[in-house]
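Take a look at the structure below.
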Amino acid sequence: YEDAGVEQFYRAKIINIDRNDAEVLFIDYGNINLVPLAGLKYLPQACAVVPESYIRCEFDNVSPTEGETWSEGSLRAFEDYLAMGDFVAVFKGKNKTGDRYKVELYSVEPGSTDFLENPVSAELERRGVLKRGAEQAVSSA
């Protein structure tokens, strides 16, 4: 995929196509976007043999504050919080279906020598974004 006239290409898998656009998974970043069909290019074989470089993960042992699905507000608050700092992911194993890794995120505070003191889930629970202790995946593609 070529991004809006920028001479830089990104490897992507096509998930779905409609009249003018394609839904694609950027295989080196993990995000999914809708892109114009005109921006799609064939991937050279030399690039196709390089493995995908993202890892599918989900936040371990958390659930929405209400119900079984994550609200847009909770997802936005989670994304906003993650945009504010540096974090370390500790891998806890694979999820039940085996298609993603379960992770616990920790905030890396300036001057702190032990990042394990700052679990992101504790702060997001304090802010009312999630509940800890139950599993309903917040995932990253």
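Letters A, B, ... mark the chains of the structure tokens in the order given; residue numbers begin at 1 per chain; ligand numbers begin at 1, in order shown.
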As a list in words, which residues of stretch 24-111 of chain A does DSSP assign to alpha helix (DSSP H)?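 Reading the DSSP output for stretch 24-111 of chain A, alpha helix (DSSP H) covers Gln45, Ala46, Cys47, Ala48, Glu72, Gly73, Ser74, Leu75, Arg76, Ala77, Phe78, Glu79, Asp80, Tyr81 and Leu82 of chain A.
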Pick out the residues sitting within 10 Å of A:Ile27, and hand them over as a list of chain:residue names; count only C-alpha atoms, and ignore anything fewer than 3 positions along from it in its own chain.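 Once the adjacent positions are removed, what remains is A:Tyr10, A:Arg11, A:Ala12, A:Lys13, A:Val24, A:Gly30, A:Asn31, A:Ile32, A:Pro51, A:Glu52, A:Ser53, A:Tyr54, A:Ile55, A:Ala141.
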Using only C-alpha atoms, which residues sit within 12 Å of stretch 43-45 of chain A once same-chain residues fewer than 2 positions away are excluded, as number ranges by chain? A: 1-2, 9-14, 40-41, 47-50
Excluding A:Asp18 and its own-chain neighbours fewer than 6 positions away, which residues fall within 12 Å of it when counting only C-alpha atoms? Please give them as a PyMOL selection string. chain A and resi 24+34-37
Based on the selection just made, write C-alpha atoms of those residues as a PDB file, in the first residue's frame.
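What follows is the written file again-v7.pdb:
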ATOM      1  CA  VAL A  24      -6.070  -4.148   5.029  1.00  0.00           C
ATOM      2  CA  LEU A  34      -9.504   1.167   5.082  1.00  0.00           C
ATOM      3  CA  VAL A  35      -7.393   2.293   2.103  1.00  0.00           C
ATOM      4  CA  PRO A  36      -8.203   3.322  -1.473  1.00  0.00           C
ATOM      5  CA  LEU A  37      -7.768   0.549  -4.043  1.00  0.00           C
TER       6      LEU A  37
END
So, counting only C-alpha atoms, which residue among A:Arg132, A:Cys57, A:Tyr42, A:Leu105 is closest to A:Tyr81?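 So, comparing all the options, the nearest one is A:Leu105.
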If we count only C-alpha atoms and set the cut-off at 10 Å, which residues sit around A:Asn95, ignoring sequence neighbours fewer than 4 positions away in its own chain? Please answer as JSON, numbers by chain. {"A": [57, 58, 59, 60, 99, 100, 101, 102, 103, 135, 137]}
Near-A:Glu104 list (9 Å; only C-alpha atoms; drop same-chain fewer than 6 positions) as a PyMOL selection string: chain A and resi 58-61+88-92+119-121
Output C-alpha atoms for every residue in the selection just made, as a PDB file, in the first residue's frame.
ATOM      1  CA  GLU A  58      -4.266  -8.919  24.517  1.00  0.00           C
ATOM      2  CA  PHE A  59      -4.304  -7.301  27.934  1.00  0.00           C
ATOM      3  CA  ASP A  60      -4.287 -10.104  30.545  1.00  0.00           C
ATOM      4  CA  ASN A  61      -6.877 -10.601  33.271  1.00  0.00           C
ATOM      5  CA  VAL A  88       6.980  -2.575  29.056  1.00  0.00           C
ATOM      6  CA  ALA A  89       4.952  -5.676  28.172  1.00  0.00           C
ATOM      7  CA  VAL A  90       5.449  -8.839  30.206  1.00  0.00           C
ATOM      8  CA  PHE A  91       4.249 -11.890  28.283  1.00  0.00           C
ATOM      9  CA  LYS A  92       2.084 -14.235  30.382  1.00  0.00           C
ATOM     10  CA  PRO A 119       0.916  -1.985  36.338  1.00  0.00           C
ATOM     11  CA  VAL A 120      -1.138  -0.130  33.736  1.00  0.00           C
ATOM     12  CA  SER A 121      -4.221  -2.172  34.662  1.00  0.00           C
TER      13      SER A 121
END
Atom-to-atom span, atom CA of A:Arg127 and atom CA of A:Ser107, Å: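 Interatomic distance here is 15.0 Å.
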Name the residues of chain A that come out as strand (DSSP E or B) in a backbone DSSP run; write them as a tab-separated table (two decimals) with N, CA and C atoms, in the first residue's frame.
chain	number	residue	atom	x	y	z
A	2	GLU	N	0.59	2.22	-0.88
A	2	GLU	CA	1.29	3.51	-0.93
A	2	GLU	C	0.40	4.53	-0.26
A	9	PHE	N	6.18	2.54	1.04
A	9	PHE	CA	5.21	1.46	0.94
A	9	PHE	C	5.17	0.68	2.24
A	12	ALA	N	0.94	-5.15	3.47
A	12	ALA	CA	-0.41	-5.31	4.00
A	12	ALA	C	-1.07	-6.55	3.39
A	13	LYS	N	-1.97	-7.15	4.17
A	13	LYS	CA	-2.81	-8.23	3.68
A	13	LYS	C	-4.21	-7.67	3.50
A	14	ILE	N	-4.82	-7.99	2.39
A	14	ILE	CA	-6.18	-7.53	2.13
A	14	ILE	C	-7.15	-8.43	2.89
A	15	ILE	N	-8.00	-7.80	3.68
A	15	ILE	CA	-9.01	-8.52	4.47
A	15	ILE	C	-10.34	-8.53	3.75
A	16	ASN	N	-10.70	-7.37	3.15
A	16	ASN	CA	-11.99	-7.23	2.49
A	16	ASN	C	-11.88	-6.13	1.44
A	17	ILE	N	-12.64	-6.26	0.36
A	17	ILE	CA	-12.65	-5.25	-0.70
A	17	ILE	C	-14.09	-4.84	-0.98
A	21	ASP	N	-12.47	0.78	-2.02
A	21	ASP	CA	-11.54	0.67	-0.91
A	21	ASP	C	-11.27	-0.79	-0.55
A	22	ALA	N	-10.19	-0.96	0.19
A	22	ALA	CA	-9.86	-2.28	0.73
A	22	ALA	C	-9.58	-2.13	2.21
A	23	GLU	N	-10.06	-3.08	2.98
A	23	GLU	CA	-9.70	-3.15	4.40
A	23	GLU	C	-8.43	-4.00	4.46
A	24	VAL	N	-7.35	-3.44	5.02
A	24	VAL	CA	-6.07	-4.15	5.03
A	24	VAL	C	-5.49	-4.23	6.44
A	25	LEU	N	-4.74	-5.29	6.67
A	25	LEU	CA	-3.97	-5.48	7.90
A	25	LEU	C	-2.53	-5.18	7.55
A	26	PHE	N	-1.94	-4.16	8.17
A	26	PHE	CA	-0.54	-3.84	7.95
A	26	PHE	C	0.29	-4.83	8.75
A	32	ILE	N	-5.27	-2.18	11.40
A	32	ILE	CA	-6.18	-2.43	10.28
A	32	ILE	C	-6.77	-1.10	9.86
A	33	ASN	N	-6.71	-0.80	8.56
A	33	ASN	CA	-7.26	0.46	8.03
A	33	ASN	C	-7.99	0.21	6.73
A	34	LEU	N	-8.84	1.14	6.38
A	34	LEU	CA	-9.50	1.17	5.08
A	34	LEU	C	-8.67	2.06	4.17
A	35	VAL	N	-8.26	1.54	3.01
A	35	VAL	CA	-7.39	2.29	2.10
A	35	VAL	C	-7.99	2.27	0.69
A	36	PRO	N	-7.70	3.31	-0.10
A	36	PRO	CA	-8.20	3.32	-1.47
A	36	PRO	C	-7.53	2.23	-2.32
A	57	CYS	N	-1.41	-9.36	20.60
A	57	CYS	CA	-1.45	-9.44	22.06
A	57	CYS	C	-2.82	-9.03	22.58
A	58	GLU	N	-3.09	-9.41	23.81
A	58	GLU	CA	-4.27	-8.92	24.52
A	58	GLU	C	-3.88	-8.67	25.96
A	59	PHE	N	-4.53	-7.69	26.56
A	59	PHE	CA	-4.30	-7.30	27.93
A	59	PHE	C	-4.80	-8.43	28.84
A	62	VAL	N	-8.28	-8.73	32.55
A	62	VAL	CA	-9.08	-7.53	32.74
A	62	VAL	C	-10.43	-7.71	32.03
A	63	SER	N	-11.40	-6.88	32.41
A	63	SER	CA	-12.71	-6.92	31.76
A	63	SER	C	-13.29	-5.51	31.73
A	64	PRO	N	-14.32	-5.31	30.89
A	64	PRO	CA	-14.98	-4.00	30.86
A	64	PRO	C	-15.62	-3.70	32.22
A	87	PHE	N	6.11	2.09	28.01
A	87	PHE	CA	5.58	0.92	28.70
A	87	PHE	C	6.41	-0.31	28.36
A	88	VAL	N	6.34	-1.29	29.25
A	88	VAL	CA	6.98	-2.58	29.06
A	88	VAL	C	5.88	-3.63	29.10
A	89	ALA	N	5.92	-4.58	28.18
A	89	ALA	CA	4.95	-5.68	28.17
A	89	ALA	C	5.62	-6.93	28.71
A	90	VAL	N	4.98	-7.56	29.68
A	90	VAL	CA	5.45	-8.84	30.21
A	90	VAL	C	4.50	-9.90	29.67
A	91	PHE	N	5.05	-10.84	28.91
A	91	PHE	CA	4.25	-11.89	28.28
A	91	PHE	C	3.89	-12.94	29.33
A	92	LYS	N	2.59	-13.29	29.39
A	92	LYS	CA	2.08	-14.24	30.38
A	92	LYS	C	1.72	-15.58	29.78
A	93	GLY	N	1.87	-15.74	28.47
A	93	GLY	CA	1.48	-16.97	27.79
A	93	GLY	C	0.47	-16.67	26.71
A	94	LYS	N	-0.07	-17.71	26.11
A	94	LYS	CA	-1.04	-17.53	25.03
A	94	LYS	C	-2.47	-17.52	25.59
A	101	TYR	N	-0.90	-13.47	22.37
A	101	TYR	CA	-0.21	-13.54	23.64
A	101	TYR	C	-0.94	-12.69	24.67
A	102	LYS	N	-1.03	-13.18	25.89
A	102	LYS	CA	-1.58	-12.40	26.99
A	102	LYS	C	-0.42	-11.62	27.60
A	103	VAL	N	-0.63	-10.31	27.80
A	103	VAL	CA	0.43	-9.48	28.36
A	103	VAL	C	-0.10	-8.62	29.50
A	104	GLU	N	0.79	-8.28	30.40
A	104	GLU	CA	0.54	-7.26	31.42
A	104	GLU	C	1.46	-6.11	31.05
A	105	LEU	N	0.89	-4.90	31.02
A	105	LEU	CA	1.68	-3.72	30.70
A	105	LEU	C	2.07	-2.99	31.97
A	106	TYR	N	3.29	-2.45	31.96
A	106	TYR	CA	3.80	-1.69	33.09
A	106	TYR	C	4.32	-0.35	32.59
A	107	SER	N	4.02	0.68	33.36
A	107	SER	CA	4.48	2.03	33.03
A	107	SER	C	5.92	2.18	33.45
A	119	PRO	N	1.74	-1.31	37.36
A	119	PRO	CA	0.92	-1.98	36.34
A	119	PRO	C	-0.11	-1.02	35.75
A	130	LEU	N	-11.47	-0.02	33.35
A	130	LEU	CA	-11.57	-1.48	33.31
A	130	LEU	C	-11.66	-2.04	34.72
A	131	LYS	N	-11.94	-3.35	34.80
A	131	LYS	CA	-11.88	-4.09	36.07
A	131	LYS	C	-10.77	-5.13	35.94
A	132	ARG	N	-10.01	-5.27	36.99
A	132	ARG	CA	-8.99	-6.32	37.00
A	132	ARG	C	-9.56	-7.57	37.63
A	139	SER	N	-7.51	-6.21	22.97
A	139	SER	CA	-6.46	-6.75	22.12
A	139	SER	C	-5.86	-5.73	21.21
A	140	SER	N	-4.68	-6.08	20.74
A	140	SER	CA	-3.95	-5.31	19.76
A	140	SER	C	-3.76	-6.20	18.54
Atom-to-atom span, atom CA of A:Glu125 and atom CA of A:Thr65, Å: 8.5 Å
When you count only C-alpha atoms, which of these residues is closest to A:Gly98: A:Arg19, A:Arg56, A:Ala38, A:Gly67? A:Arg56
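Going from atom CA of A:Asn20 over to atom CA of A:Glu72, you cover 26.9 Å.
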